[in-house]
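Novice: Okay, so here is run08.csv, and as you'll see once you scroll down, it has CSV, C-alpha atoms.
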```csv
chain,number,residue,atom,x,y,z
Y,1273,MET,CA,-64.1,-11.9,72.4
Y,1274,SER,CA,-67.1,-14.0,72.9
Y,1275,SER,CA,-70.0,-13.0,75.1
Y,1276,GLU,CA,-71.2,-16.5,75.7
Y,1277,THR,CA,-70.7,-16.3,79.4
Y,1278,ILE,CA,-72.8,-13.7,81.2
Y,1279,PHE,CA,-72.7,-12.5,84.8
Y,1280,LYS,CA,-75.0,-10.2,86.6
Y,1281,PHE,CA,-74.2,-8.1,89.6
Y,1282,GLU,CA,-76.1,-9.5,92.7
Y,1283,PRO,CA,-76.3,-7.2,95.7
Y,1284,GLN,CA,-75.5,-8.8,99.0
Y,1285,ASP,CA,-76.1,-7.8,102.6
Y,1286,TYR,CA,-73.2,-9.2,104.6
Y,1287,GLY,CA,-74.4,-7.6,107.8
Y,1288,MET,CA,-71.2,-5.6,108.3
Y,1289,VAL,CA,-69.1,-3.0,106.7
Y,1290,LEU,CA,-66.4,-4.4,104.4
Y,1291,ASN,CA,-63.8,-1.9,103.4
Y,1292,ASN,CA,-60.7,-4.0,102.5
Y,1293,VAL,CA,-61.1,-7.5,101.3
Y,1294,ALA,CA,-57.6,-8.7,100.3
Y,1295,GLY,CA,-58.6,-12.3,99.4
Y,1296,VAL,CA,-61.6,-14.5,98.7
Y,1297,ALA,CA,-62.0,-18.3,98.5
Y,1298,VAL,CA,-64.9,-20.8,98.5
Y,1299,ASN,CA,-64.8,-24.2,100.2
Y,1300,SER,CA,-66.5,-27.5,99.2
Y,1301,GLN,CA,-69.6,-26.6,101.2
Y,1302,GLY,CA,-70.1,-23.4,99.3
Y,1303,ASN,CA,-69.0,-21.1,102.1
Y,1304,LEU,CA,-67.1,-18.0,101.2
Y,1305,TYR,CA,-64.0,-17.1,103.2
Y,1306,ALA,CA,-63.0,-13.4,103.0
Y,1307,LEU,CA,-59.6,-12.4,104.1
Y,1308,VAL,CA,-60.0,-8.8,105.4
Y,1309,ARG,CA,-57.8,-6.2,106.9
Y,1310,GLY,CA,-59.6,-5.9,110.2
Y,1311,GLU,CA,-59.6,-7.2,113.8
Y,1312,VAL,CA,-60.8,-10.6,112.7
Y,1313,PRO,CA,-59.1,-11.3,109.5
Y,1314,VAL,CA,-61.0,-14.4,108.2
Y,1315,LEU,CA,-64.7,-13.9,107.8
Y,1316,ILE,CA,-67.0,-16.7,106.7
Y,1317,PHE,CA,-70.3,-16.3,104.9
Y,1318,ASN,CA,-72.7,-18.9,103.6
Y,1319,SER,CA,-74.0,-18.9,100.0
Y,1320,ASP,CA,-76.8,-16.5,100.9
Y,1321,GLY,CA,-74.3,-14.0,102.1
Y,1322,HIS,CA,-75.0,-14.5,105.8
Y,1323,TYR,CA,-72.2,-14.3,108.3
Y,1324,VAL,CA,-71.5,-17.7,109.9
Y,1325,GLY,CA,-68.2,-17.1,111.8
Y,1326,GLY,CA,-64.7,-15.8,111.8
Y,1327,TRP,CA,-61.2,-16.5,113.1
Y,1328,GLY,CA,-57.6,-15.5,113.0
Y,1329,LYS,CA,-57.5,-12.6,115.4
Y,1330,GLY,CA,-53.9,-11.9,116.4
Y,1331,LEU,CA,-52.4,-14.4,113.9
Y,1332,ILE,CA,-52.4,-12.6,110.6
Y,1333,GLY,CA,-50.6,-9.3,110.6
Y,1334,GLY,CA,-50.6,-8.5,106.9
Y,1335,PRO,CA,-53.5,-10.2,105.2
Y,1336,HIS,CA,-52.9,-10.4,101.5
Y,1337,GLY,CA,-54.1,-13.7,99.9
Y,1338,ILE,CA,-56.2,-16.7,100.7
Y,1339,PHE,CA,-56.6,-20.2,99.1
Y,1340,ILE,CA,-58.7,-23.2,100.0
Y,1341,ASP,CA,-57.6,-26.6,98.8
Y,1342,SER,CA,-59.7,-29.6,97.8
Y,1343,ASP,CA,-59.7,-30.9,101.4
Y,1344,ASP,CA,-60.9,-27.5,102.7
Y,1345,PHE,CA,-57.7,-26.5,104.3
Y,1346,VAL,CA,-57.2,-22.7,104.3
Y,1347,TYR,CA,-53.9,-21.0,103.3
Y,1348,CYS,CA,-53.5,-17.4,104.4
Y,1349,VAL,CA,-50.6,-15.3,103.1
Y,1350,ASP,CA,-49.2,-12.7,105.5
Y,1351,SER,CA,-47.2,-10.2,103.6
Y,1352,LYS,CA,-46.2,-8.3,106.7
Y,1353,GLN,CA,-44.8,-11.2,108.7
Y,1354,ASN,CA,-43.4,-13.0,105.6
Y,1355,ILE,CA,-45.2,-16.2,106.2
Y,1356,VAL,CA,-47.8,-18.5,104.7
Y,1357,MET,CA,-50.1,-20.3,107.2
Y,1358,LYS,CA,-52.2,-23.4,106.7
Y,1359,PHE,CA,-55.3,-23.7,108.8
Y,1360,SER,CA,-58.1,-26.2,109.4
Y,1361,PRO,CA,-61.5,-24.9,108.2
Y,1362,ASP,CA,-62.3,-23.7,111.8
Y,1363,GLY,CA,-59.0,-21.8,112.2
Y,1364,GLN,CA,-56.6,-24.2,113.8
Y,1365,LEU,CA,-53.0,-23.5,112.7
Y,1366,LEU,CA,-51.5,-26.6,111.1
Y,1367,LEU,CA,-48.4,-25.4,109.3
Y,1368,THR,CA,-46.3,-22.3,108.8
Y,1369,LEU,CA,-44.1,-21.6,105.9
Y,1370,GLY,CA,-41.3,-19.1,106.5
Y,1371,THR,CA,-40.2,-17.5,109.7
Y,1372,ALA,CA,-42.2,-14.6,111.1
Y,1373,GLY,CA,-40.4,-11.3,110.9
Y,1374,GLU,CA,-37.6,-12.5,108.7
Y,1375,SER,CA,-37.2,-11.5,105.1
Y,1376,SER,CA,-35.0,-13.0,102.4
Y,1377,ASP,CA,-32.2,-10.9,100.8
Y,1378,SER,CA,-33.6,-9.8,97.4
Y,1379,GLY,CA,-32.1,-6.3,97.6
Y,1380,CYS,CA,-35.5,-4.9,98.2
Y,1381,ILE,CA,-35.6,-1.5,100.0
Y,1382,GLY,CA,-38.5,-0.6,102.2
Y,1383,GLY,CA,-40.9,-3.1,100.6
Y,1384,ASP,CA,-40.7,-1.4,97.2
Y,1385,PHE,CA,-41.0,-4.0,94.5
Y,1386,LYS,CA,-39.2,-1.7,92.1
Y,1387,THR,CA,-36.0,-2.0,94.1
Y,1388,VAL,CA,-35.7,-5.8,94.0
Y,1389,THR,CA,-32.3,-6.7,92.5
Y,1390,GLN,CA,-32.2,-10.5,92.6
Y,1391,GLY,CA,-34.4,-13.5,93.2
Y,1392,ALA,CA,-34.2,-14.8,96.8
Y,1393,GLY,CA,-35.5,-17.6,98.9
Y,1394,PRO,CA,-38.8,-17.5,100.9
Y,1395,PHE,CA,-40.1,-14.9,101.7
Y,1396,ASN,CA,-40.0,-11.2,101.2
Y,1397,LYS,CA,-43.6,-9.9,101.3
Y,1398,PRO,CA,-45.3,-12.9,99.7
Y,1399,THR,CA,-48.6,-12.3,97.9
Y,1400,ASN,CA,-50.6,-15.5,97.3
Y,1401,ALA,CA,-50.6,-19.3,97.4
Y,1402,ALA,CA,-52.2,-22.3,95.7
Y,1403,THR,CA,-51.8,-26.0,95.7
Y,1404,SER,CA,-51.4,-28.5,92.9
Y,1405,PRO,CA,-53.4,-31.7,92.4
Y,1406,SER,CA,-50.6,-33.7,94.1
Y,1407,GLY,CA,-50.7,-31.4,97.1
Y,1408,ASP,CA,-47.6,-29.3,96.6
Y,1409,ILE,CA,-47.9,-25.7,97.7
Y,1410,PHE,CA,-46.9,-22.8,95.4
Y,1411,VAL,CA,-46.3,-19.3,96.7
Y,1412,SER,CA,-46.0,-16.1,94.7
Y,1413,ASP,CA,-43.4,-13.9,96.5
Y,1414,GLY,CA,-43.8,-10.5,95.0
Y,1415,TYR,CA,-43.7,-7.2,96.8
Y,1416,GLY,CA,-40.2,-7.7,98.1
Y,1417,ASN,CA,-39.1,-10.5,95.8
Y,1418,ALA,CA,-39.6,-11.8,92.2
Y,1419,ARG,CA,-40.0,-15.5,92.7
Y,1420,VAL,CA,-42.3,-18.5,92.9
Y,1421,HIS,CA,-41.6,-21.1,95.5
Y,1422,ARG,CA,-42.7,-24.7,95.5
Y,1423,PHE,CA,-43.1,-26.7,98.7
Y,1424,SER,CA,-44.1,-30.2,99.5
Y,1425,ALA,CA,-47.3,-30.7,101.4
Y,1426,ASP,CA,-45.3,-31.0,104.7
Y,1427,GLY,CA,-43.7,-27.6,104.0
Y,1428,THR,CA,-40.3,-28.7,102.6
Y,1429,LEU,CA,-39.0,-26.3,100.0
Y,1430,ILE,CA,-38.5,-28.1,96.7
Y,1431,LYS,CA,-37.6,-25.4,94.3
Y,1432,SER,CA,-37.7,-21.6,93.7
Y,1433,TRP,CA,-37.6,-19.8,90.4
Y,1434,GLY,CA,-37.7,-16.2,89.0
Y,1435,GLU,CA,-35.6,-13.2,88.7
Y,1436,PRO,CA,-36.6,-9.5,88.5
Y,1437,GLY,CA,-37.1,-8.2,85.0
Y,1438,TYR,CA,-39.3,-7.9,81.9
Y,1439,GLU,CA,-38.0,-10.8,79.8
Y,1440,PRO,CA,-39.9,-14.1,79.4
Y,1441,GLY,CA,-39.6,-16.0,82.6
Y,1442,GLN,CA,-38.6,-13.0,84.6
Y,1443,LEU,CA,-41.1,-11.4,87.1
Y,1444,HIS,CA,-42.1,-7.9,88.2
Y,1445,LEU,CA,-44.3,-8.3,91.2
Y,1446,PRO,CA,-45.8,-11.8,91.0
Y,1447,HIS,CA,-49.1,-11.0,92.7
Y,1448,GLY,CA,-51.4,-14.0,92.2
Y,1449,ILE,CA,-51.0,-17.7,91.5
Y,1450,ALA,CA,-53.1,-20.7,90.5
Y,1451,VAL,CA,-52.4,-24.3,89.4
Y,1452,ASP,CA,-54.6,-26.2,86.9
Y,1453,GLN,CA,-55.4,-29.9,86.7
Y,1454,ASN,CA,-52.5,-30.4,84.3
Y,1455,ASN,CA,-50.0,-29.1,86.9
Y,1456,LEU,CA,-49.4,-25.9,85.1
Y,1457,VAL,CA,-48.7,-22.9,87.3
Y,1458,TYR,CA,-50.3,-19.6,86.3
Y,1459,VAL,CA,-48.6,-16.5,87.7
Y,1460,ALA,CA,-50.1,-13.0,87.6
Y,1461,ASP,CA,-47.0,-11.0,86.7
Y,1462,ARG,CA,-48.7,-7.8,87.7
Y,1463,GLU,CA,-46.3,-5.0,86.6
Y,1464,ASN,CA,-45.4,-6.8,83.4
Y,1465,ASP,CA,-49.1,-6.8,82.4
Y,1466,ARG,CA,-49.2,-10.5,81.7
Y,1467,ILE,CA,-49.8,-14.0,83.0
Y,1468,GLN,CA,-46.9,-16.4,82.7
Y,1469,ILE,CA,-47.5,-20.2,82.8
Y,1470,PHE,CA,-44.9,-22.6,84.0
Y,1471,ASP,CA,-44.6,-26.3,84.7
Y,1472,THR,CA,-44.0,-27.3,88.3
Y,1473,ASP,CA,-40.3,-27.2,87.8
Y,1474,GLY,CA,-40.4,-23.6,86.7
Y,1475,ASN,CA,-40.0,-24.1,83.0
Y,1476,LEU,CA,-41.9,-21.4,81.0
Y,1477,LYS,CA,-44.7,-22.9,78.9
Y,1478,ALA,CA,-46.7,-19.9,77.7
Y,1479,ILE,CA,-47.3,-16.1,78.2
Y,1480,TRP,CA,-50.6,-14.4,78.0
Y,1481,ASP,CA,-50.0,-10.7,77.1
Y,1482,ASN,CA,-52.3,-7.7,77.0
Y,1483,LEU,CA,-53.6,-7.8,80.5
Y,1484,TYR,CA,-53.9,-4.8,82.7
Y,1485,ARG,CA,-52.0,-5.4,86.0
Y,1486,PRO,CA,-53.5,-8.7,86.9
Y,1487,THR,CA,-53.8,-9.3,90.6
Y,1488,ASP,CA,-55.4,-12.7,91.1
Y,1489,ILE,CA,-56.3,-15.9,89.2
Y,1490,CYS,CA,-58.9,-18.5,89.8
Y,1491,ILE,CA,-59.2,-21.7,87.6
Y,1492,LYS,CA,-62.6,-23.3,87.6
Y,1493,ASP,CA,-64.4,-25.7,85.3
Y,1494,GLY,CA,-62.3,-25.0,82.2
Y,1495,SER,CA,-62.1,-21.3,82.6
Y,1496,VAL,CA,-59.5,-18.9,84.0
Y,1497,TYR,CA,-60.8,-15.9,85.9
Y,1498,VAL,CA,-58.5,-12.9,86.3
Y,1499,SER,CA,-58.9,-9.8,88.4
Y,1500,GLU,CA,-57.1,-6.7,87.1
Y,1501,VAL,CA,-56.4,-3.5,89.0
Y,1502,GLY,CA,-55.9,-1.6,85.8
Y,1503,HIS,CA,-53.7,1.4,85.3
Y,1504,ARG,CA,-55.9,4.1,86.9
Y,1505,MET,CA,-55.9,2.9,90.5
Y,1506,TYR,CA,-52.5,2.6,92.1
Y,1507,ILE,CA,-49.5,4.9,91.5
Y,1508,ASP,CA,-46.4,3.9,93.6
Y,1509,ASN,CA,-48.7,1.9,95.8
Y,1510,VAL,CA,-50.9,4.9,96.7
Y,1511,LEU,CA,-54.5,4.4,95.9
Y,1512,PHE,CA,-56.3,7.1,93.9
Y,1513,LYS,CA,-59.9,7.6,92.8
Y,1514,PRO,CA,-60.4,6.0,89.4
Y,1515,SER,CA,-60.8,8.0,86.3
Y,1516,SER,CA,-63.0,7.1,83.3
Y,1517,ASN,CA,-59.9,6.5,81.2
Y,1518,PRO,CA,-59.1,2.9,80.3
Y,1519,PRO,CA,-57.8,0.5,81.2
Y,1520,TRP,CA,-59.8,0.5,84.4
Y,1521,SER,CA,-60.0,-2.2,87.0
Y,1522,GLN,CA,-62.1,-5.2,85.7
Y,1523,ILE,CA,-62.6,-8.9,85.7
Y,1524,ARG,CA,-61.8,-11.0,82.6
Y,1525,VAL,CA,-62.7,-14.6,81.9
Y,1526,PHE,CA,-60.6,-16.8,79.5
Y,1527,ASP,CA,-60.7,-20.3,78.2
Y,1528,MET,CA,-57.8,-22.6,78.9
Y,1529,ALA,CA,-56.1,-21.5,75.7
Y,1530,GLY,CA,-56.1,-17.8,76.8
Y,1531,VAL,CA,-59.0,-16.7,74.5
Y,1532,GLU,CA,-61.1,-14.1,76.3
Y,1533,LYS,CA,-64.7,-15.1,76.8
Y,1534,THR,CA,-66.1,-12.1,78.7
Y,1535,ARG,CA,-65.3,-9.2,80.9
Y,1536,ILE,CA,-67.0,-7.4,83.8
Y,1537,GLY,CA,-66.5,-3.8,84.9
Y,1538,GLY,CA,-66.7,-0.3,83.4
Y,1539,PRO,CA,-65.3,3.2,83.8
Y,1540,GLU,CA,-67.3,4.2,86.9
Y,1541,GLY,CA,-65.3,2.1,89.3
Y,1542,TRP,CA,-66.8,3.4,92.5
Y,1543,LYS,CA,-70.3,2.3,91.5
Y,1544,ALA,CA,-71.7,-1.2,92.3
Y,1545,GLY,CA,-71.1,-3.7,89.6
Y,1546,ASN,CA,-67.8,-2.1,88.7
Y,1547,PHE,CA,-64.4,-2.2,90.4
Y,1548,PHE,CA,-62.3,0.4,92.2
Y,1549,ALA,CA,-59.3,-1.8,92.7
Y,1550,ALA,CA,-60.0,-5.6,92.1
Y,1551,HIS,CA,-57.5,-7.5,94.3
Y,1552,SER,CA,-58.9,-11.1,94.5
Y,1553,ILE,CA,-61.3,-13.4,92.8
Y,1554,CYS,CA,-62.9,-16.8,93.3
Y,1555,VAL,CA,-65.8,-18.8,91.9
Y,1556,ASP,CA,-68.4,-20.7,93.9
Y,1557,LEU,CA,-70.1,-24.1,93.3
Y,1558,GLU,CA,-72.8,-22.5,91.2
Y,1559,GLY,CA,-70.3,-20.6,89.0
Y,1560,SER,CA,-70.9,-17.2,90.6
Y,1561,ILE,CA,-67.9,-14.9,90.9
Y,1562,TYR,CA,-66.8,-13.1,94.1
Y,1563,VAL,CA,-64.5,-10.2,93.9
Y,1564,GLY,CA,-62.6,-8.7,96.8
Y,1565,GLU,CA,-61.2,-5.2,96.6
Y,1566,VAL,CA,-58.7,-3.1,98.6
Y,1567,ILE,CA,-60.4,0.3,98.3
Y,1568,TRP,CA,-60.0,2.4,101.5
Y,1569,PRO,CA,-58.7,4.9,101.9
Y,1570,ALA,CA,-58.5,6.8,98.6
Y,1571,HIS,CA,-55.8,9.4,99.1
Y,1572,GLU,CA,-56.3,11.7,96.1
Y,1573,ILE,CA,-59.6,13.2,97.0
Y,1574,SER,CA,-62.4,12.3,99.4
Y,1575,THR,CA,-63.9,8.9,98.9
Y,1576,PRO,CA,-67.1,8.9,96.8
Y,1577,GLU,CA,-70.2,8.6,98.9
Y,1578,ASP,CA,-71.6,5.9,96.7
Y,1579,LEU,CA,-68.5,3.8,96.7
Y,1580,HIS,CA,-69.6,0.2,96.7
Y,1581,PRO,CA,-68.6,-2.4,99.4
Y,1582,ALA,CA,-65.2,-4.2,98.9
Y,1583,LEU,CA,-66.9,-7.6,98.3
Y,1584,GLN,CA,-69.1,-8.0,95.3
Y,1585,LYS,CA,-70.9,-11.1,93.9
Y,1586,PHE,CA,-71.8,-11.7,90.2
Y,1587,ARG,CA,-74.2,-14.5,89.5
Y,1588,ARG,CA,-73.7,-16.6,86.4
Y,1589,LEU,CA,-76.8,-16.6,84.1
```
Translate the structure of the given file into structure tokens.

Specialist:
Amino acid sequence: MSSETIFKFEPQDYGMVLNNVAGVAVNSQGNLYALVRGEVPVLIFNSDGHYVGGWGKGLIGGPHGIFIDSDDFVYCVDSKQNIVMKFSPDGQLLLTLGTAGESSDSGCIGGDFKTVTQGAGPFNKPTNAATSPSGDIFVSDGYGNARVHRFSADGTLIKSWGEPGYEPGQLHLPHGIAVDQNNLVYVADRENDRIQIFDTDGNLKAIWDNLYRPTDICIKDGSVYVSEVGHRMYIDNVLFKPSSNPPWSQIRVFDMAGVEKTRIGGPEGWKAGNFFAAHSICVDLEGSIYVGEVIWPAHEISTPEDLHPALQKFRRL
């Protein structure tokens, strides 16, 4: 592992309490969009961390993932309603993928990803979305399914792939997704501790092993940024206080060949600069990293008094 890329934790005052930040994304103006589990689900901050607006009240029932494309359209993934919504930058709903309240037949019982028996169509508790350079929309459909879906820009389903399992090409909670400039689709195959890379037709091209429950992927300027929840945070989807035993939640940065360049985070996951349960990641115009976490409540014991906010920034040096 090379330490050539260094990031420093940079405290921010967002002017509000942030407890559960499910998704983060940055637009072409450098504004940060945080998808939160609160009354107003989309919060917008400028590059200085100052709140500049929000929207989405009453529209997003189960905020899980957010993505902003090259034209600054905003895609929000609603794992509760089983839909993906495309918005204008100011929150006007432009397109909905899926039918609210309907779930595909994957055999899943009670939203438990361990009970999925077959790959199914869109959607059953989708997790994240991304677009390709040509404008196609890719959705990881993970908590109640084991598939990736490809849509055209107008929302027409083109192809789905994936079946539950552990073999190459199979998926066990696809939790995050990204598409690079070569039209390769990176899938955070969380419970298989790996990233699988496909072409846009679903043909497997590569596997990056030795990750620790990857949750989200961001590709920026020749690097692949990955958030990992680790193996000390969630047991059967119940959040516990982290222990000091590895592998803990962290951020890892790779080159495009999968060679690790650096990592961020240590054993004291509740302290600022570390991660309790890293859930989402993005990179801004200056190369700084933002990490969103889903950290409240912690059910095992009382939440540490010095638990950091669920949105942290790391400036690239």

Novice: Find the residues around stretch 1398-1404 of chain Y up to 8 Å (all atoms listed in the file counted), leave out those fewer than 6 positions away in its own chain, and share them as a PyMOL selection string.

Specialist: chain Y and resi 1336-1341+1347-1351+1354-1356+1410-1417+1446-1453+1455

Novice: So that I can check the surroundings of stretch 1381-1389 of chain Y, please list as a VMD selection string every protein, DNA and RNA residue that reaches within 10 Å of it, counting all atoms listed in the file and ignoring chain neighbours fewer than 2 positions away.

Specialist: chain Y and resid 1351 to 1352 1377 to 1379 1391 to 1392 1396 to 1397 1414 to 1418 1435 to 1437 1444 to 1446 1463 1508 to 1509

Novice: Can you list, as number ranges by chain, every protein, DNA or RNA residue that comes within 12 Å of Y:Phe1526 when you count only C-alpha atoms, leaving out same-chain residues fewer than 3 positions away?

Specialist: Y: 1273-1277, 1467, 1480, 1483, 1489-1499, 1523, 1529-1535

Novice: Considering only C-alpha atoms, return as a PyMOL selection string whatever protein or nucleic-acid residues lie within 8 Å of stretch 1542-1559 of chain Y, sequence-local ones (same chain, fewer than 5 positions apart) excluded.

Specialist: chain Y and resi 1281+1293-1298+1300+1302+1304+1337+1487-1490+1492+1497-1502+1505+1513-1514+1521-1523+1536-1537+1564-1567+1576+1578-1581+1584+1587-1588

Novice: Applying 12 Å and only C-alpha atoms, which residues near Y:Gly1287 remain after dropping the ones on its own chain fewer than 6 positions away? List them as JSON, numbers by chain.

Specialist: {"Y": [1315, 1316, 1317, 1320, 1321, 1322, 1323, 1324, 1581]}

Novice: Atom CA of Y:Val1308 to atom CA of Y:Ser1375: how many Å, to one decimal?

Specialist: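 Answer for the atom CA of Y:Val1308 to atom CA of Y:Ser1375 separation: 23.0 Å.
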
Novice: Could you tell me how far atom CA of Y:Asn1318 sits from atom CA of Y:Asn1299, in Å to one decimal place?

Specialist: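 Atom-to-atom, atom CA of Y:Asn1299 to atom CA of Y:Asn1318, that is 10.1 Å.
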
Novice: Ranking Y:Phe1279, Y:Tyr1438, Y:Phe1395, Y:Tyr1286 by minimum distance to Y:His1421 and counting all atoms listed in the file, which one comes first?

Specialist: Y:Phe1395

Novice: Using all atoms listed in the file, can you tell me which of Y:Lys1431, Y:Gln1353, Y:Val1346, Y:Val1457 comes closest to Y:Ala1372?

Specialist: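 Comparing Y:Lys1431, Y:Gln1353, Y:Val1346, Y:Val1457 against Y:Ala1372, the winner is Y:Gln1353.
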
Novice: So how far away is atom CA of Y:Ile1409 from atom CA of Y:Phe1423, in Å?

Specialist: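 Distance reported for this atom pair: 5.0 Å.
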
Novice: Just checking: using only C-alpha atoms, which residue out of Y:Ser1376, Y:Thr1371, Y:Asn1454, Y:Gln1301 ends up closest to Y:Phe1470?

Specialist: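 Checking each candidate against Y:Phe1470, we get Y:Asn1454 as the closest.
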
Novice: Select, from Y:Gly1333, Y:Gly1407, Y:Pro1539, Y:Pro1394, the residue with the minimum atom-to-atom distance to Y:Val1312, counting all atoms listed in the file.

Specialist: Y:Gly1333

Novice: Taking into account all atoms listed in the file, which residue in the set Y:Gly1310, Y:Asn1303, Y:Gly1330, Y:Trp1520 is nearest to Y:Met1288?

Specialist: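 Ranking Y:Gly1310, Y:Asn1303, Y:Gly1330, Y:Trp1520 by distance to Y:Met1288, first place goes to Y:Gly1310.
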
Novice: Can I get N, CA, C and O atoms for stretch 1534-1545 of chain Y, as a CSV table (one decimal), in the first residue's frame?

Specialist:
```csv
chain,number,residue,atom,x,y,z
Y,1534,THR,N,-4.3,4.4,-0.2
Y,1534,THR,CA,-4.3,4.9,1.2
Y,1534,THR,C,-5.6,4.4,1.9
Y,1534,THR,O,-6.5,3.9,1.2
Y,1535,ARG,N,-5.7,4.6,3.2
Y,1535,ARG,CA,-6.9,4.3,3.9
Y,1535,ARG,C,-7.0,5.3,5.0
Y,1535,ARG,O,-6.0,5.9,5.5
Y,1536,ILE,N,-8.3,5.5,5.5
Y,1536,ILE,CA,-8.6,6.5,6.5
Y,1536,ILE,C,-9.5,5.8,7.6
Y,1536,ILE,O,-10.4,5.1,7.2
Y,1537,GLY,N,-9.2,6.0,8.8
Y,1537,GLY,CA,-10.0,5.4,9.9
Y,1537,GLY,C,-9.2,4.5,10.8
Y,1537,GLY,O,-8.3,3.8,10.4
Y,1538,GLY,N,-9.6,4.5,12.1
Y,1538,GLY,CA,-8.9,3.7,13.1
Y,1538,GLY,C,-9.9,3.0,14.0
Y,1538,GLY,O,-11.1,3.0,13.8
Y,1539,PRO,N,-9.4,2.4,15.1
Y,1539,PRO,CA,-10.2,1.6,15.9
Y,1539,PRO,C,-11.3,2.3,16.8
Y,1539,PRO,O,-12.3,1.8,17.1
Y,1540,GLU,N,-11.0,3.6,17.0
Y,1540,GLU,CA,-11.9,4.4,17.9
Y,1540,GLU,C,-13.0,5.0,17.0
Y,1540,GLU,O,-13.0,6.2,16.8
Y,1541,GLY,N,-13.9,4.2,16.5
Y,1541,GLY,CA,-14.8,4.6,15.5
Y,1541,GLY,C,-15.8,5.7,15.9
Y,1541,GLY,O,-16.4,6.3,15.0
Y,1542,TRP,N,-16.0,6.0,17.2
Y,1542,TRP,CA,-16.9,7.0,17.6
Y,1542,TRP,C,-16.2,8.4,17.6
Y,1542,TRP,O,-16.9,9.4,17.8
Y,1543,LYS,N,-14.9,8.4,17.5
Y,1543,LYS,CA,-14.2,9.7,17.6
Y,1543,LYS,C,-14.1,10.3,16.2
Y,1543,LYS,O,-13.9,9.6,15.2
Y,1544,ALA,N,-14.1,11.7,16.2
Y,1544,ALA,CA,-13.9,12.4,14.9
Y,1544,ALA,C,-12.7,12.0,14.2
Y,1544,ALA,O,-11.6,11.7,14.8
Y,1545,GLY,N,-12.8,11.8,12.9
Y,1545,GLY,CA,-11.7,11.4,12.0
Y,1545,GLY,C,-11.7,9.9,11.8
Y,1545,GLY,O,-11.0,9.4,11.0
```
